[in-house]
>>> print(open('structure22.cif').read())   # mmCIF, C-alpha atoms
data_protein
#
loop_
_atom_site.label_atom_id
_atom_site.label_comp_id
_atom_site.auth_asym_id
_atom_site.auth_seq_id
_atom_site.Cartn_x
_atom_site.Cartn_y
_atom_site.Cartn_z
CA GLU A 302 52.48 296.50 24.47
CA ALA A 303 50.07 294.57 26.73
CA VAL A 304 50.23 293.15 30.24
CA THR A 305 47.86 291.14 32.43
CA ALA A 306 48.06 289.18 35.69
CA ILE A 307 47.45 285.44 35.69
CA ASP A 308 47.60 283.73 39.10
CA ASP A 309 51.13 284.29 40.43
CA ARG A 310 52.53 285.45 37.10
CA ILE A 311 52.59 288.59 35.00
CA LEU A 312 51.97 287.92 31.32
CA MET A 313 53.36 290.41 28.79
CA ALA A 314 52.90 290.70 25.03
CA CYS A 315 55.49 292.30 22.75
CA GLU A 316 55.27 293.29 19.08
CA HIS A 317 57.90 293.39 16.30
CA ARG A 318 59.09 289.90 17.31
CA HIS A 319 55.51 289.00 18.34
CA ARG A 320 55.93 287.07 21.58
CA LEU A 321 54.49 286.39 25.02
CA ALA A 322 56.72 286.52 28.08
CA TRP A 323 55.85 285.84 31.70
CA LEU A 324 57.38 286.74 35.03
CA ALA A 325 57.01 284.91 38.32
CA THR A 326 55.84 286.98 41.29
CA GLU A 327 55.91 284.38 44.06
CA LYS A 328 58.71 283.93 46.61
CA ARG A 329 59.68 287.60 46.65
CA GLU A 330 61.31 288.65 49.90
CA THR A 331 60.36 292.32 49.51
CA GLN A 332 58.60 294.55 46.98
CA GLN A 333 62.06 295.57 45.78
CA THR A 334 63.01 291.99 44.88
CA PRO A 335 63.26 291.76 41.06
CA LEU A 336 60.64 289.70 39.26
CA ARG A 337 61.94 286.38 37.93
CA SER A 338 61.66 285.72 34.20
CA GLU A 339 60.17 282.26 33.52
CA GLY A 340 59.89 281.98 29.78
CA VAL A 341 58.86 283.21 26.34
CA ARG A 342 56.52 281.88 23.64
CA MET A 343 56.63 283.22 20.10
CA LEU A 344 53.30 284.40 18.66
CA LYS A 345 54.34 284.64 15.02
CA PRO A 346 52.94 281.19 14.08
CA TRP A 347 49.54 282.26 15.44
CA LEU A 348 49.44 285.81 14.08
CA GLY A 349 50.20 284.98 10.46
CA THR A 350 51.15 287.97 8.31
CA VAL A 351 50.60 290.71 10.91
CA LYS A 352 53.12 293.52 10.36
CA ALA A 353 55.95 294.07 12.83
CA ASN A 354 54.49 297.30 14.20
CA ALA A 355 50.85 296.10 14.14
CA GLY A 356 51.17 293.27 16.62
CA VAL A 357 49.54 292.55 19.96
CA GLU A 358 48.06 295.62 21.63
CA ALA A 359 45.62 294.05 24.07
CA MET A 360 44.74 290.75 25.71
CA ALA A 361 42.15 289.51 28.16
CA ILE A 362 41.69 286.34 30.20
CA ILE A 363 38.23 284.80 29.73
CA ALA A 364 36.52 282.67 32.38
CA PRO A 365 36.01 278.92 31.83
CA SER A 366 33.08 277.92 29.65
CA SER A 367 30.46 275.21 29.99
CA CYS A 368 32.58 272.79 27.97
CA SER A 369 35.97 273.49 29.55
CA SER A 370 37.27 274.04 33.06
CA GLU A 371 40.22 276.03 31.74
CA ARG A 372 40.49 279.73 30.98
CA SER A 373 41.28 281.24 27.59
CA LEU A 374 43.44 284.14 26.48
CA MET A 375 42.10 286.42 23.75
CA VAL A 376 44.80 288.43 21.99
CA PHE A 377 44.01 291.55 19.94
CA THR A 378 46.28 293.16 17.34
CA GLU A 379 46.07 296.60 15.74
CA ALA A 380 45.97 295.18 12.23
CA ASP A 381 43.56 296.72 9.71
CA ALA A 382 39.91 295.71 9.88
CA ASP A 383 38.37 293.96 6.89
CA THR A 384 34.87 294.05 5.39
CA LYS A 385 34.15 290.35 5.14
CA ALA A 386 30.94 290.15 7.17
CA ALA A 387 27.73 289.21 5.38
CA ASP A 388 26.44 292.77 5.70
CA ALA A 389 29.83 294.25 4.61
CA SER A 390 30.37 295.77 8.06
CA PRO A 391 33.97 296.03 9.30
CA VAL A 392 35.36 292.91 10.95
CA SER A 393 38.65 292.41 12.75
CA SER A 394 40.31 289.30 14.13
CA ALA A 395 41.66 288.20 17.48
CA VAL A 396 43.57 285.06 18.43
CA LEU A 397 42.11 282.72 21.05
CA LEU A 398 44.55 280.60 23.07
CA PRO A 399 43.77 278.06 25.80
CA LEU A 400 45.64 278.66 29.04
CA SER A 401 47.39 275.90 30.94
CA ARG A 402 46.23 274.84 34.37
CA ARG A 403 46.97 277.18 37.25
CA SER A 404 49.98 275.21 38.48
CA ALA A 405 51.42 274.57 35.02
CA SER A 406 54.40 276.31 33.52
CA PRO A 407 54.37 277.77 30.92
CA PRO A 408 50.88 279.31 31.12
CA VAL A 409 50.61 279.20 27.30
CA ASP A 410 51.77 276.01 25.64
CA ALA A 411 53.77 276.19 22.41
CA ASP A 412 51.47 273.60 20.82
CA ALA A 413 48.23 275.20 22.01
CA PRO A 414 45.42 274.95 19.42
CA ALA A 415 45.22 278.65 18.64
CA ARG A 416 42.20 279.86 16.65
CA ARG A 417 41.30 283.06 14.87
CA VAL A 418 38.09 284.64 16.11
CA ASP A 419 36.42 287.43 14.14
CA TYR A 420 34.59 290.25 15.88
CA GLN A 421 32.55 293.17 14.62
CA VAL A 422 34.08 296.64 14.51
CA ALA A 423 31.64 299.50 14.97
CA SER A 424 31.76 302.17 12.27
CA GLY A 425 32.57 305.80 12.97
CA GLY A 426 36.34 306.11 12.59
CA ASP A 427 39.56 304.15 12.18
CA TYR A 428 39.63 302.80 15.74
CA ARG A 429 42.20 300.18 16.77
CA PRO A 430 42.39 298.11 20.00
CA VAL A 431 44.82 299.40 22.62
CA ASP A 432 43.76 297.50 25.75
CA ALA A 433 41.16 295.01 26.96
CA VAL A 434 39.83 293.41 30.11
CA ALA A 435 37.32 290.60 30.64
CA LEU A 436 34.30 291.30 32.80
CA PRO A 437 34.35 289.14 35.95
CA ASN A 438 32.17 286.03 35.74
CA ARG A 439 30.94 286.95 32.26
CA HIS A 440 31.95 285.98 28.74
CA GLN A 441 32.31 289.63 27.76
CA ILE A 442 35.36 291.75 26.99
CA LEU A 443 35.61 295.48 27.52
CA LEU A 444 37.77 296.89 24.72
CA LEU A 445 39.51 300.28 24.71
CA GLU A 446 39.94 301.58 21.16
CA ARG A 447 41.85 304.58 19.87
CA ALA A 448 41.82 306.57 16.63
CA PHE A 449 44.15 309.33 15.48
CA SER A 450 44.14 311.90 12.73
CA VAL A 451 46.50 314.79 12.02
CA PHE A 452 43.75 317.38 12.24
CA GLY A 453 41.47 315.72 14.77
CA GLY A 454 44.06 314.35 17.18
CA PHE A 455 43.24 311.42 19.45
CA SER A 456 39.81 309.89 19.92
CA SER A 457 38.91 307.00 22.23
CA ARG A 458 35.93 304.77 22.80
CA LEU A 459 34.89 301.77 24.91
CA SER A 460 33.24 298.76 23.26
CA LEU A 461 31.83 295.53 24.63
CA ILE A 462 32.41 292.21 22.85
CA ASP A 463 30.13 289.25 23.63
CA VAL A 464 32.06 285.97 23.56
CA ALA A 465 29.56 283.14 23.24
CA PRO A 466 30.52 279.99 25.20
CA LYS A 467 30.27 277.93 21.99
CA VAL A 468 33.14 279.99 20.57
CA LEU A 469 35.32 278.92 23.49
CA CYS A 470 34.34 275.30 22.90
CA GLY A 471 35.58 275.22 19.30
CA SER A 472 38.52 272.99 18.51
CA ASN A 473 39.51 273.87 14.95
CA GLN A 474 42.80 275.57 14.27
CA GLY A 475 43.23 278.54 11.97
CA ALA A 476 40.23 280.49 10.67
CA THR A 477 36.90 280.04 12.38
CA ASP A 478 33.61 279.49 10.57
CA GLN A 479 31.67 281.17 13.37
CA ALA A 480 29.83 284.42 12.71
CA PRO A 481 31.73 287.50 13.94
CA LEU A 482 31.31 288.15 17.65
CA PRO A 483 28.79 290.96 18.25
CA THR A 484 30.25 294.25 19.46
CA ARG A 485 28.53 297.39 20.70
CA VAL A 486 29.98 300.79 21.56
CA LEU A 487 29.40 301.74 25.18
CA ALA A 488 30.76 305.26 24.92
CA THR A 489 32.78 307.51 22.66
CA LEU A 490 34.92 309.34 25.20
CA ASN A 491 35.75 312.59 23.42
CA GLY A 492 33.76 315.32 25.10
CA LEU A 493 33.36 313.23 28.26
CA ILE A 494 37.03 313.30 29.24
CA PRO A 495 40.07 315.24 27.95
CA ALA A 496 41.24 313.96 24.56
CA GLU A 497 44.55 312.14 24.98
CA ASN A 498 46.48 309.04 23.95
CA TYR A 499 44.72 306.57 26.26
CA GLU A 500 46.43 303.18 26.12
CA GLY A 501 45.76 301.52 29.48
CA LEU A 502 42.52 300.05 30.85
CA ALA A 503 41.62 298.47 34.20
CA LEU A 504 38.34 297.43 35.78
CA ARG A 505 37.22 297.14 39.39
CA GLU A 506 33.84 295.96 40.65
CA SER A 507 31.87 297.51 43.50
CA GLU A 508 28.30 297.60 44.78
CA LYS A 509 27.76 300.73 42.70
CA GLY A 510 28.81 299.12 39.43
CA HIS A 511 32.08 298.88 37.54
CA HIS A 512 34.86 301.40 38.06
CA ILE A 513 36.82 301.87 34.82
CA PHE A 514 40.34 303.31 34.95
CA LEU A 515 42.09 304.74 31.89
CA ILE A 516 45.66 305.98 31.63
CA SER A 517 47.22 307.94 28.78
CA ASP A 518 50.76 307.86 27.41
CA ASP A 519 52.42 311.23 26.74
CA ASN A 520 55.07 309.63 24.48
CA GLN A 521 57.57 312.01 26.13
CA ASN A 522 55.97 314.76 24.07
CA PHE A 523 55.57 318.16 25.72
CA ILE A 524 52.17 318.76 24.10
CA GLN A 525 50.72 315.51 25.50
CA ARG A 526 49.83 314.53 29.05
CA THR A 527 49.83 311.42 31.23
CA LEU A 528 46.34 311.33 32.74
CA LEU A 529 44.61 308.82 35.02
CA ILE A 530 40.84 308.84 34.49
CA GLN A 531 38.19 307.07 36.57
CA LEU A 532 34.72 306.34 35.16
CA ARG A 533 31.77 304.50 36.64
CA TRP A 534 29.70 302.14 34.52
CA ARG A 535 26.49 300.54 35.69
CA ALA A 536 26.62 297.36 33.64
CA GLU A 537 23.40 295.67 32.56
CA ASP A 538 22.42 292.41 34.26
#
>>> encode(input="structure22.cif", output="structure tokens")
Amino acid sequence: EAVTAIDDRILMACEHRHRLAWLATEKRETQQTPLRSEGVRMLKPWLGTVKANAGVEAMAIIAPSSCSSERSLMVFTEADADTKAADASPVSSAVLLPLSRRSASPPVDADAPARRVDYQVASGGDYRPVDAVALPNRHQILLLERAFSVFGGFSSRLSLIDVAPKVLCGSNQGATDQAPLPTRVLATLNGLIPAENYEGLALRESEKGHHIFLISDDNQNFIQRTLLIQLRWRAED
């Protein structure tokens, strides 16, 4: 359901049996040489009561913070949002995991002090995370969200989550007592691009800003399309 690159490995997240798996990419003789499987870590102890088909949909690697030289992995599920914020606004939860050092294997330790981190969910539809990417050199995550209705079809939007360094410095396991991370909607994409089942997100920096790439999944359905969309975003300083 989710994939990201970490050093010389490819990290994958799977639902139903909620797990992380990683493949080694080094020492390949040619591009046709199969990737080597290195290991698996179960996510069930960290995800609690998340349903089998509402598991990990997105994950992003966050840069080191002021209190740690190591990176963190933030994992998003498509579980239902809750209204537990002080202002009764929708809130959802992600799981924050510390990553091992670059040369370590596995990249995610089985005894890692995982923590739940709440983040705000903007109103305006039943949107769920489908992919995420961390902005380079910033503690911010760009989140691709999708909503679906029988009569309205697919709708997508891009949101930005601010991850305060103090959140990365926390050490408690389980639920966090921090306020939900602030989230703002950058763009609702319907009307800007063709409406489709966008599930993939990538980001590339240039002198002209950030280039955002989206890809849709046609689900092998003749009425849907696989589209690759490129957008340009001039991020604020």
>>> closest_residue(input="structure22.cif", among="A:Pro430, A:Pro414, A:Pro481, A:Pro399", to="Leu459 in chain A", atoms="all atoms listed in the file")
A:Pro430
>>> residues_around(input="structure22.cif", residues="Ala503 in chain A", least_positions_apart="3", cutoff="7 Å", atoms="only C-alpha atoms", output="ChimeraX atom specification")
/A:434,513-515
>>> resolve_selection(input="structure22.cif", expression="the PyMOL selection byres ((chain A and resi 429) around 7)", output="PDB file with C-alpha atoms, in the coordinates of the input")
ATOM      1  CA  GLU A 379      46.070 296.600  15.740  1.00  0.00           C
ATOM      2  CA  ASP A 427      39.560 304.150  12.180  1.00  0.00           C
ATOM      3  CA  TYR A 428      39.630 302.800  15.740  1.00  0.00           C
ATOM      4  CA  PRO A 430      42.390 298.110  20.000  1.00  0.00           C
ATOM      5  CA  VAL A 431      44.820 299.400  22.620  1.00  0.00           C
ATOM      6  CA  GLU A 446      39.940 301.580  21.160  1.00  0.00           C
ATOM      7  CA  ARG A 447      41.850 304.580  19.870  1.00  0.00           C
ATOM      8  CA  ALA A 448      41.820 306.570  16.630  1.00  0.00           C
TER       9      ALA A 448
END
>>> residues_around(input="structure22.cif", residues="Leu398 in chain A", least_positions_apart="2", cutoff="8 Å", atoms="all atoms listed in the file", output="VMD selection string")
chain A and resid 373 to 376 396 400 409 413 to 416
>>> write_last_selection(input="structure22.cif", atoms="C-alpha atoms", output="PDB file, keeping the file's coordinate frame")
ATOM      1  CA  SER A 373      41.280 281.240  27.590  1.00  0.00           C
ATOM      2  CA  LEU A 374      43.440 284.140  26.480  1.00  0.00           C
ATOM      3  CA  MET A 375      42.100 286.420  23.750  1.00  0.00           C
ATOM      4  CA  VAL A 376      44.800 288.430  21.990  1.00  0.00           C
ATOM      5  CA  VAL A 396      43.570 285.060  18.430  1.00  0.00           C
ATOM      6  CA  LEU A 400      45.640 278.660  29.040  1.00  0.00           C
ATOM      7  CA  VAL A 409      50.610 279.200  27.300  1.00  0.00           C
ATOM      8  CA  ALA A 413      48.230 275.200  22.010  1.00  0.00           C
ATOM      9  CA  PRO A 414      45.420 274.950  19.420  1.00  0.00           C
ATOM     10  CA  ALA A 415      45.220 278.650  18.640  1.00  0.00           C
ATOM     11  CA  ARG A 416      42.200 279.860  16.650  1.00  0.00           C
TER      12      ARG A 416
END
>>> atom_distance(input="structure22.cif", atom1="CA of Phe377 in chain A", atom2="CA of Glu500 in chain A")
13.4 Å
>>> atom_distance(input="structure22.cif", atom1="CA of Leu443 in chain A", atom2="CA of His317 in chain A")
25.0 Å
>>> resolve_selection(input="structure22.cif", expression="the PyMOL selection byres ((chain A and resi 486) around 7)", output="JSON, numbers by chain")
{"A": [423, 459, 460, 461, 484, 485, 487, 488]}
>>> residues_around(input="structure22.cif", residues="Gly492 in chain A", least_positions_apart="3", cutoff="12 Å", atoms="all atoms listed in the file", output="PyMOL selection string")
chain A and resi 455-458+488-489+495-497
>>> closest_residue(input="structure22.cif", among="A:Ala480, A:Ala435, A:Phe452, A:Leu344", to="Arg505 in chain A", atoms="only C-alpha atoms")
A:Ala435
>>> residues_around(input="structure22.cif", residues="range 361-367 of chain A", least_positions_apart="4", cutoff="12 Å", atoms="all atoms listed in the file", output="PyMOL selection string")
chain A and resi 303-308+312-314+357+371-377+395-402+408-409+430-445+462-471+502-504
>>> residues_near_point(input="structure22.cif", point="(42.7, 312.2, 32.5)", cutoff="8 Å", atoms="only C-alpha atoms", output="ChimeraX atom specification")
/A:494-495,497,515-517,527-531
>>> atom_distance(input="structure22.cif", atom1="CA of Asn520 in chain A", atom2="CA of Tyr499 in chain A")
10.9 Å
>>> closest_residue(input="structure22.cif", among="A:Gly356, A:Pro483, A:Gly510, A:Gly501", to="Gln421 in chain A", atoms="all atoms listed in the file")
A:Pro483
>>> closest_residue(input="structure22.cif", among="A:His511, A:Arg526, A:Ala322, A:Gly453", to="Asn491 in chain A", atoms="all atoms listed in the file")
A:Gly453
>>> axis_aligned_box(input="structure22.cif", around="range 489-502 of chain A", padding_each_side="6 Å", output="JSON")
{"center_x": 39.6, "center_y": 307.7, "center_z": 26.8, "size_x": 25.7, "size_y": 27.3, "size_z": 20.2}
>>> closest_residue(input="structure22.cif", among="A:Leu482, A:Arg342, A:Arg533, A:Phe523", to="Val392 in chain A", atoms="only C-alpha atoms")
A:Leu482
>>> closest_residue(input="structure22.cif", among="A:Ser338, A:Asp519, A:Phe449, A:Gly425", to="Thr326 in chain A", atoms="only C-alpha atoms")
A:Ser338
>>> build_atoms(input="structure22.cif", residues="range 445-459 of chain A", atoms="N, CA and C atoms", output="tab-separated table (two decimals), keeping the file's coordinate frame")
chain	number	residue	atom	x	y	z
A	445	LEU	N	39.16	298.87	24.90
A	445	LEU	CA	39.51	300.28	24.71
A	445	LEU	C	40.09	300.43	23.31
A	446	GLU	N	39.50	301.34	22.52
A	446	GLU	CA	39.94	301.58	21.16
A	446	GLU	C	40.37	303.03	20.99
A	447	ARG	N	41.32	303.24	20.09
A	447	ARG	CA	41.85	304.58	19.87
A	447	ARG	C	41.93	304.86	18.37
A	448	ALA	N	41.65	306.10	18.01
A	448	ALA	CA	41.82	306.57	16.63
A	448	ALA	C	42.65	307.84	16.67
A	449	PHE	N	43.33	308.12	15.55
A	449	PHE	CA	44.15	309.33	15.48
A	449	PHE	C	44.11	309.89	14.07
A	450	SER	N	44.01	311.21	14.00
A	450	SER	CA	44.14	311.90	12.73
A	450	SER	C	44.96	313.17	12.94
A	451	VAL	N	45.63	313.61	11.91
A	451	VAL	CA	46.50	314.79	12.02
A	451	VAL	C	45.72	316.01	12.46
A	452	PHE	N	44.53	316.19	11.94
A	452	PHE	CA	43.75	317.38	12.24
A	452	PHE	C	42.83	317.19	13.45
A	453	GLY	N	42.40	315.96	13.67
A	453	GLY	CA	41.47	315.72	14.77
A	453	GLY	C	42.11	315.26	16.06
A	454	GLY	N	43.38	314.83	15.98
A	454	GLY	CA	44.06	314.35	17.18
A	454	GLY	C	43.56	312.97	17.61
A	455	PHE	N	43.62	312.73	18.91
A	455	PHE	CA	43.24	311.42	19.45
A	455	PHE	C	41.75	311.36	19.75
A	456	SER	N	41.19	310.18	19.54
A	456	SER	CA	39.81	309.89	19.92
A	456	SER	C	39.77	308.48	20.51
A	457	SER	N	38.97	308.29	21.55
A	457	SER	CA	38.91	307.00	22.23
A	457	SER	C	37.46	306.58	22.43
A	458	ARG	N	37.25	305.27	22.49
A	458	ARG	CA	35.93	304.77	22.80
A	458	ARG	C	36.05	303.42	23.52
A	459	LEU	N	34.98	303.05	24.21
A	459	LEU	CA	34.89	301.77	24.91
A	459	LEU	C	33.82	300.92	24.23
